[in-house]
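**Q** Next comes the structure file my_file20.csv, holding CSV, C-alpha atoms.
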```csv
chain,number,residue,atom,x,y,z
A,126,MET,CA,-14.0,12.8,8.9
A,127,ILE,CA,-12.4,9.9,7.0
A,128,SER,CA,-12.0,10.1,3.2
A,129,ILE,CA,-12.2,6.7,1.7
A,130,VAL,CA,-10.2,6.6,-1.6
A,131,THR,CA,-10.9,3.9,-4.1
A,132,PRO,CA,-8.7,3.7,-7.2
A,133,THR,CA,-10.4,1.4,-9.7
A,134,TYR,CA,-9.7,0.0,-13.2
A,135,ASN,CA,-12.3,-2.2,-14.9
A,136,ARG,CA,-13.7,-3.4,-11.5
A,137,ALA,CA,-17.4,-2.5,-12.0
A,138,LYS,CA,-18.5,-6.0,-11.1
A,139,PHE,CA,-16.9,-5.7,-7.7
A,140,LEU,CA,-17.8,-2.1,-6.8
A,141,ASN,CA,-21.3,-2.9,-5.7
A,142,ARG,CA,-20.0,-5.2,-3.0
A,143,LEU,CA,-17.9,-2.4,-1.6
A,144,PHE,CA,-20.8,0.0,-1.9
A,145,ARG,CA,-23.0,-2.3,0.1
A,146,SER,CA,-20.4,-2.5,2.9
A,147,LEU,CA,-20.2,1.3,3.0
A,148,LYS,CA,-24.0,1.6,3.2
A,149,SER,CA,-23.8,-0.8,6.2
A,150,GLN,CA,-21.4,1.3,8.2
A,151,LEU,CA,-22.4,2.0,11.8
A,152,CYS,CA,-20.7,5.4,11.6
A,153,THR,CA,-21.4,7.6,8.6
A,154,ASP,CA,-18.7,10.2,9.2
A,155,PHE,CA,-16.9,9.5,5.9
A,156,GLU,CA,-16.9,10.4,2.2
A,157,TRP,CA,-16.1,8.0,-0.7
A,158,ILE,CA,-13.9,9.2,-3.5
A,159,ILE,CA,-13.8,6.9,-6.5
A,160,ILE,CA,-10.9,7.6,-8.9
A,161,ASP,CA,-11.5,5.8,-12.2
A,162,ASP,CA,-8.1,5.1,-13.8
A,163,GLY,CA,-9.2,4.8,-17.4
A,164,SER,CA,-11.8,2.0,-17.1
A,165,THR,CA,-13.4,0.7,-20.2
A,166,ASP,CA,-16.1,-1.4,-18.6
A,167,GLU,CA,-19.3,-0.2,-16.9
A,168,THR,CA,-17.6,1.6,-14.0
A,169,ARG,CA,-19.0,5.1,-14.8
A,170,ALA,CA,-22.6,3.8,-15.1
A,171,THR,CA,-22.2,1.7,-12.0
A,172,VAL,CA,-21.0,4.7,-9.9
A,173,ASN,CA,-23.8,6.9,-11.4
A,174,ARG,CA,-26.3,4.4,-9.9
A,175,PHE,CA,-24.6,4.7,-6.5
A,176,ILE,CA,-24.7,8.5,-6.7
A,177,PHE,CA,-28.4,8.5,-7.7
A,178,GLU,CA,-29.2,6.3,-4.7
A,179,ASN,CA,-27.8,9.0,-2.5
A,180,ALA,CA,-26.9,6.6,0.4
A,181,VAL,CA,-23.2,7.6,0.6
A,182,ASP,CA,-21.4,10.9,0.0
A,183,ILE,CA,-19.6,10.1,-3.3
A,184,THR,CA,-17.2,12.0,-5.5
A,185,TYR,CA,-16.4,10.4,-8.9
A,186,ILE,CA,-13.2,11.4,-10.7
A,187,ALA,CA,-12.1,9.9,-14.1
A,188,GLN,CA,-8.6,10.1,-15.5
A,189,GLU,CA,-6.6,8.4,-18.2
A,190,ASN,CA,-5.0,5.1,-17.3
A,191,ARG,CA,-1.8,6.0,-15.5
A,192,GLY,CA,-1.6,3.5,-12.6
A,193,LYS,CA,-2.9,3.2,-9.0
A,194,HIS,CA,-0.3,5.5,-7.5
A,195,VAL,CA,-1.1,8.3,-9.9
A,196,ALA,CA,-4.8,7.8,-9.2
A,197,ILE,CA,-4.2,8.1,-5.4
A,198,ASN,CA,-2.2,11.3,-6.0
A,199,SER,CA,-5.2,12.7,-7.9
A,200,ALA,CA,-7.8,11.6,-5.4
A,201,VAL,CA,-6.0,13.0,-2.4
A,202,LYS,CA,-6.4,16.5,-3.9
A,203,HIS,CA,-10.1,16.2,-3.5
A,204,CYS,CA,-10.3,14.7,0.0
A,205,ARG,CA,-12.2,16.7,2.5
A,206,GLY,CA,-11.4,14.5,5.5
A,207,GLU,CA,-8.4,14.9,7.8
A,208,TRP,CA,-7.7,11.2,7.3
A,209,THR,CA,-7.4,9.2,4.1
A,210,PHE,CA,-8.2,5.5,3.9
A,211,ILE,CA,-7.3,3.7,0.7
A,212,VAL,CA,-9.7,0.9,0.0
A,213,ASP,CA,-9.4,-1.2,-3.2
A,214,SER,CA,-12.4,-1.6,-5.4
A,215,ASP,CA,-12.5,-5.4,-5.1
A,216,ASP,CA,-12.5,-5.4,-1.3
A,217,MET,CA,-15.0,-4.3,1.5
A,218,LEU,CA,-15.2,-3.1,5.0
A,219,THR,CA,-16.6,-4.6,8.2
A,220,PRO,CA,-19.7,-2.8,9.5
A,221,ASP,CA,-17.8,-1.3,12.4
A,222,ALA,CA,-14.7,-0.3,10.3
A,223,ILE,CA,-15.3,3.5,10.3
A,224,SER,CA,-16.4,3.7,13.9
A,225,THR,CA,-13.4,1.6,15.0
A,226,LEU,CA,-11.0,3.7,13.1
A,227,SER,CA,-12.6,7.0,14.1
A,228,ASN,CA,-12.4,6.0,17.8
A,229,HIS,CA,-8.7,5.3,17.5
A,230,LEU,CA,-8.0,8.3,15.3
A,231,SER,CA,-9.6,10.6,17.9
A,232,LEU,CA,-6.9,9.5,20.4
A,233,ILE,CA,-4.0,10.6,18.1
A,234,GLN,CA,-5.7,13.5,16.3
A,235,CYS,CA,-3.7,16.2,18.1
A,236,ASP,CA,-0.5,14.2,18.4
A,237,ARG,CA,1.6,15.1,15.3
A,238,ARG,CA,4.1,12.4,16.2
A,239,PHE,CA,1.5,10.0,14.6
A,240,CYS,CA,1.0,9.9,10.9
A,241,GLY,CA,-1.7,7.3,10.8
A,242,ILE,CA,-3.3,4.0,11.9
A,243,SER,CA,-2.9,0.5,10.6
A,244,ALA,CA,-5.6,-2.2,11.2
A,245,VAL,CA,-6.0,-5.8,10.3
A,246,LYS,CA,-7.2,-7.3,7.1
A,247,THR,CA,-8.9,-10.6,6.7
A,248,THR,CA,-9.8,-12.9,3.8
A,249,LEU,CA,-13.4,-13.5,2.8
A,250,ASP,CA,-13.6,-16.4,5.2
A,251,ARG,CA,-12.4,-14.1,8.0
A,252,GLN,CA,-8.9,-15.5,8.2
A,253,ILE,CA,-6.5,-12.9,9.6
A,254,ILE,CA,-3.7,-12.0,7.1
A,255,GLY,CA,-0.2,-12.0,8.5
A,256,ARG,CA,1.4,-12.4,11.9
A,257,GLN,CA,0.0,-9.9,14.4
A,258,PRO,CA,1.3,-8.4,17.7
A,259,GLU,CA,-0.1,-9.8,20.9
A,260,SER,CA,-0.8,-6.3,22.2
A,261,ASP,CA,-3.9,-4.6,21.0
A,262,ILE,CA,-2.0,-1.4,20.2
A,263,THR,CA,1.6,-1.0,19.0
A,264,ASP,CA,3.0,2.4,18.4
A,265,VAL,CA,6.0,2.2,16.1
A,266,ALA,CA,7.4,3.4,12.8
A,267,PHE,CA,6.2,1.5,9.7
A,268,PHE,CA,9.7,0.2,8.9
A,269,ASP,CA,10.2,-1.1,12.4
A,270,PHE,CA,6.9,-3.0,12.5
A,271,TYR,CA,7.9,-5.1,9.5
A,272,HIS,CA,11.7,-5.1,9.5
A,273,LYS,CA,12.7,-4.9,13.1
A,274,LEU,CA,9.7,-6.5,15.0
A,275,GLY,CA,9.2,-9.0,12.2
A,276,TYR,CA,5.5,-8.8,11.7
A,277,ASN,CA,4.1,-9.4,8.2
A,278,GLY,CA,1.0,-9.3,6.1
A,279,ASP,CA,-1.1,-6.8,4.1
A,280,ARG,CA,-2.8,-4.3,6.4
A,281,ALA,CA,-5.4,-1.5,6.2
A,282,LEU,CA,-3.8,1.9,6.3
A,283,VAL,CA,-5.2,5.3,7.2
A,284,PHE,CA,-2.9,8.4,6.9
A,285,ARG,CA,-3.2,12.1,7.6
A,286,THR,CA,-4.5,13.7,4.4
A,287,ASP,CA,-2.1,16.7,4.6
A,288,LEU,CA,0.9,14.3,4.7
A,289,LEU,CA,-0.3,12.5,1.6
A,290,ARG,CA,-0.7,15.8,-0.2
A,291,GLU,CA,2.8,16.9,0.9
A,292,ASN,CA,4.4,13.6,-0.1
A,293,PRO,CA,2.8,12.4,-3.4
A,294,PHE,CA,3.9,9.2,-5.0
A,295,PRO,CA,6.8,9.8,-7.5
A,296,ILE,CA,5.9,9.3,-11.1
A,297,PHE,CA,8.2,7.8,-13.7
A,298,ASP,CA,7.8,7.9,-17.5
A,299,ASN,CA,6.1,4.8,-18.9
A,300,GLU,CA,5.6,3.1,-15.5
A,301,LYS,CA,2.1,2.4,-14.2
A,302,PHE,CA,3.0,0.4,-11.1
A,303,LEU,CA,4.8,1.6,-8.0
A,304,PRO,CA,5.0,-0.2,-4.6
A,305,GLU,CA,2.8,1.7,-2.1
A,306,GLY,CA,5.4,1.0,0.5
A,307,ILE,CA,7.5,3.8,-1.0
A,308,LEU,CA,5.1,6.4,0.3
A,309,TRP,CA,4.3,4.7,3.6
A,310,GLU,CA,8.1,4.4,4.4
A,311,THR,CA,8.6,8.0,3.4
A,312,ILE,CA,5.8,9.4,5.5
A,313,SER,CA,6.5,7.4,8.6
A,314,ARG,CA,10.3,7.8,8.5
A,315,ASN,CA,10.3,10.1,11.5
A,316,LYS,CA,6.7,9.5,12.7
A,317,LEU,CA,4.7,6.8,14.5
A,318,VAL,CA,1.9,4.6,13.2
A,319,ARG,CA,-0.6,3.1,15.6
A,320,PHE,CA,-1.0,-0.6,14.7
A,321,ILE,CA,-4.2,-2.1,16.0
A,322,THR,CA,-5.3,-5.7,15.9
A,323,THR,CA,-8.9,-5.1,15.1
A,324,PRO,CA,-10.0,-6.5,11.7
A,325,VAL,CA,-11.8,-3.7,9.7
A,326,TYR,CA,-11.0,-4.7,6.1
A,327,ILE,CA,-12.0,-7.8,4.1
A,328,CYS,CA,-10.1,-8.5,1.0
A,329,GLU,CA,-10.2,-10.9,-1.9
A,330,TYR,CA,-7.1,-11.2,-4.0
A,331,GLN,CA,-8.0,-11.5,-7.7
A,332,THR,CA,-6.1,-13.6,-10.1
A,333,ASP,CA,-5.6,-10.6,-12.4
A,334,GLY,CA,-5.0,-8.2,-9.5
A,335,LEU,CA,-1.8,-6.2,-8.7
A,336,SER,CA,-0.8,-8.6,-5.9
A,337,ALA,CA,-1.1,-11.7,-8.1
A,338,ARG,CA,1.0,-10.0,-10.8
A,339,TYR,CA,3.5,-8.3,-8.5
A,340,HIS,CA,6.7,-10.0,-9.8
A,341,ASP,CA,5.9,-9.3,-13.5
A,342,LEU,CA,4.8,-5.7,-12.7
A,343,MET,CA,8.0,-5.2,-10.7
A,344,ILE,CA,10.2,-6.3,-13.7
A,345,SER,CA,8.2,-4.2,-16.2
A,346,ASN,CA,8.3,-1.1,-13.9
A,347,PRO,CA,12.0,-1.3,-12.8
A,348,VAL,CA,12.7,2.4,-11.9
A,349,GLY,CA,9.9,2.8,-9.3
A,350,ASN,CA,10.5,-0.6,-7.8
A,351,ALA,CA,14.3,0.0,-7.6
A,352,LEU,CA,13.6,3.2,-5.8
A,353,TYR,CA,11.6,1.3,-3.2
A,354,TYR,CA,14.5,-1.1,-2.5
A,355,LYS,CA,16.9,1.9,-2.4
A,356,ILE,CA,14.8,3.6,0.2
A,357,LEU,CA,14.7,0.4,2.3
A,358,SER,CA,18.4,-0.3,2.0
A,359,GLU,CA,19.3,3.2,3.0
A,360,HIS,CA,17.0,3.3,6.0
A,361,PRO,CA,19.1,4.3,9.1
A,362,ASP,CA,17.6,1.4,11.1
A,363,ALA,CA,18.0,-1.3,8.5
A,364,THR,CA,19.9,-4.4,9.6
A,365,PHE,CA,22.8,-5.8,7.7
A,366,LEU,CA,20.8,-8.6,6.1
A,367,THR,CA,18.0,-6.2,5.2
A,368,ARG,CA,20.5,-3.9,3.4
A,369,VAL,CA,22.0,-6.9,1.6
A,370,ARG,CA,18.6,-8.2,0.5
A,371,CYS,CA,17.3,-4.9,-0.6
A,372,SER,CA,20.6,-4.0,-2.4
A,373,PHE,CA,20.4,-7.2,-4.3
A,374,MET,CA,16.9,-6.3,-5.5
A,375,HIS,CA,17.9,-2.8,-6.3
A,376,ARG,CA,21.0,-4.0,-8.3
A,377,HIS,CA,18.8,-6.4,-10.3
A,378,LEU,CA,16.1,-3.8,-11.1
A,379,LEU,CA,18.7,-1.1,-11.8
A,380,ASN,CA,20.3,-3.3,-14.4
A,381,ILE,CA,16.9,-3.9,-16.0
A,382,ALA,CA,16.2,-0.1,-16.1
A,383,ILE,CA,19.6,0.5,-17.7
A,384,LYS,CA,19.0,-2.2,-20.3
A,385,ASN,CA,15.6,-0.6,-21.1
A,386,GLY,CA,17.1,2.8,-21.5
A,387,CYS,CA,15.2,4.3,-18.6
A,388,ASP,CA,16.2,7.5,-16.8
A,389,ILE,CA,17.9,6.2,-13.6
A,390,SER,CA,18.7,9.5,-12.0
A,391,ALA,CA,16.3,8.8,-9.1
A,392,ILE,CA,17.8,5.3,-8.4
A,393,LYS,CA,21.6,5.8,-8.7
A,394,THR,CA,23.7,4.1,-6.1
A,395,SER,CA,25.2,6.0,-3.2
A,396,GLY,CA,28.6,5.2,-1.7
A,397,THR,CA,27.0,2.9,1.0
A,398,LEU,CA,24.7,1.2,-1.6
A,399,ARG,CA,27.7,0.5,-3.9
A,400,PHE,CA,29.3,-1.5,-1.1
A,401,TYR,CA,26.2,-3.6,-0.6
A,402,HIS,CA,26.0,-4.1,-4.4
A,403,LEU,CA,29.4,-5.6,-4.3
A,404,ILE,CA,28.7,-8.1,-1.6
A,405,ALA,CA,25.0,-8.9,-2.5
A,406,PRO,CA,25.9,-11.6,-5.1
A,407,VAL,CA,27.6,-13.6,-2.3
A,408,PHE,CA,24.3,-13.9,-0.6
A,409,SER,CA,22.3,-14.7,-3.7
A,410,PRO,CA,22.3,-18.5,-3.3
A,411,PHE,CA,21.0,-18.0,0.3
A,412,TYR,CA,18.0,-15.9,-0.8
A,413,LYS,CA,17.2,-18.3,-3.6
A,414,LEU,CA,17.2,-21.3,-1.2
A,415,LYS,CA,15.1,-19.2,1.2
A,416,SER,CA,12.6,-18.5,-1.6
A,417,LEU,CA,12.4,-22.2,-2.5
A,418,PHE,CA,11.8,-23.1,1.1
A,419,LYS,CA,8.9,-20.7,1.3
A,420,GLN,CA,7.4,-22.1,-1.8
A,421,PHE,CA,7.8,-25.6,-0.4
A,422,LYS,CA,6.1,-24.7,2.9
A,423,ALA,CA,3.3,-22.9,1.0
A,424,SER,CA,2.7,-26.0,-1.1
A,425,LYS,CA,2.3,-28.3,1.9
```
Would you kindly transcribe this structure into structure tokens?
**A**
Amino acid sequence: MISIVTPTYNRAKFLNRLFRSLKSQLCTDFEWIIIDDGSTDETRATVNRFIFENAVDITYIAQENRGKHVAINSAVKHCRGEWTFIVDSDDMLTPDAISTLSNHLSLIQCDRRFCGISAVKTTLDRQIIGRQPESDITDVAFFDFYHKLGYNGDRALVFRTDLLRENPFPIFDNEKFLPEGILWETISRNKLVRFITTPVYICEYQTDGLSARYHDLMISNPVGNALYYKILSEHPDATFLTRVRCSFMHRHLLNIAIKNGCDISAIKTSGTLRFYHLIAPVFSPFYKLKSLFKQFKASK
């Protein structure tokens, strides 16, 4: 069974759309766990209507507002499925999503080399997000898919529930935003992910969503984000340029954390990282030009 986990914060107006997509699933071997991260809108009443309809197996959990990553940690404790699929409250699934994922998961169920599956996301108008492999199936580590093979784009992710329980998101004082990549990189460090090119997930990025506010959230939550770049820069398969780029970001966020008086014990620099800290400023103009070039291309 697949446990669909949906962290939500003041997204009552979007939940009904996701609920309809779950009711339309061709395969019903799933449960839906909604973790309410301190919503102040009509989320509870909306979910109660879903539960009363009794069309989907729903578990509703409410907690104080602590951030999406903490909400996921809480939800995973309640998952009954062997696999956990995180689906945001303002997104939805294709009708064949669960059946497609279940078929692929059955092929790797007993192979502990695999930690999960990653499928394609599309926009509301069915445009595929990111550059995808030509092969229907690619078995590779999460890091290698993005940083060695060069693919990109947000993707749907399904991981073994026991691995999510054993490797919860780290929690830092006064920080409510943490890149999910921290956990995906950690879990798949010595394991494979099966990347498939089938679209199963339809997303709509909101102007007030986490993706739209990523840069501001990164700056206001420097410790967790510095840890993410520390993990990437210290990855044994990271290229020289990846180490430089990630060390540059780590150095920037570390300085912000120190200025804010944060506990930096989790993000202190190692010997190797110190070396890249020293040379990262040399490459700063290059990355600024690269960023401007990307902005120019996006505006055309």
**Q** Closest to Ala244 (chain A) among A:Glu259, A:Asp279, A:Asp388, A:Asp166, using all atoms listed in the file?
**A**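 Nearest to Ala244 (chain A): A:Asp279.
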**Q** Ranking A:Arg280, A:Lys301, A:Arg238, A:His203 by minimum distance to Leu342 (chain A) and counting only C-alpha atoms, which one comes first?
**A**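 Ranked by minimum distance to Leu342 (chain A), first place goes to A:Lys301.
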**Q** Which is closest to Ile158 (chain A) among A:Gly192, A:Gly278, A:Gly241, A:Gly206, if we use all atoms listed in the file?
**A** A:Gly206
**Q** Would you please work out which residue, of A:Ile307, A:Leu352, A:Ile312, A:Val130, is nearest to Glu291 (chain A) when using all atoms listed in the file?
**A** A:Ile312
**Q** Could you check which of A:Thr131, A:Ser313, A:Thr263, A:Thr394 is closest to Cys204 (chain A), using all atoms listed in the file?
**A** A:Thr131
**Q** Tell me which protein, DNA and RNA residues are within 9 Å of Thr322 (chain A), counting all atoms listed in the file, leaving out same-chain ones fewer than 6 positions away, and put them as a list in words.
**A**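 So the residues in contact are Ser243, Ala244, Val245, Gln257, Pro258, Glu259, Ser260, Asp261, Ile262 and Thr263 of chain A.
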**Q** Between A:Phe365, A:His229, A:Asp161, A:Ala170, single out the one closest to Asn141 (chain A), counting all atoms listed in the file.
**A**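 Using all atoms listed in the file, the shortest distance to Asn141 (chain A) belongs to A:Ala170.
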**Q** Within 10 Å of Pro304 (chain A), counting all atoms listed in the file, which residues show up once you throw out same-chain ones fewer than 2 positions away? Write them as a ChimeraX atom specification, please.
**A** /A:193-194,294,302,306-309,335,339,342-343,346,349-354
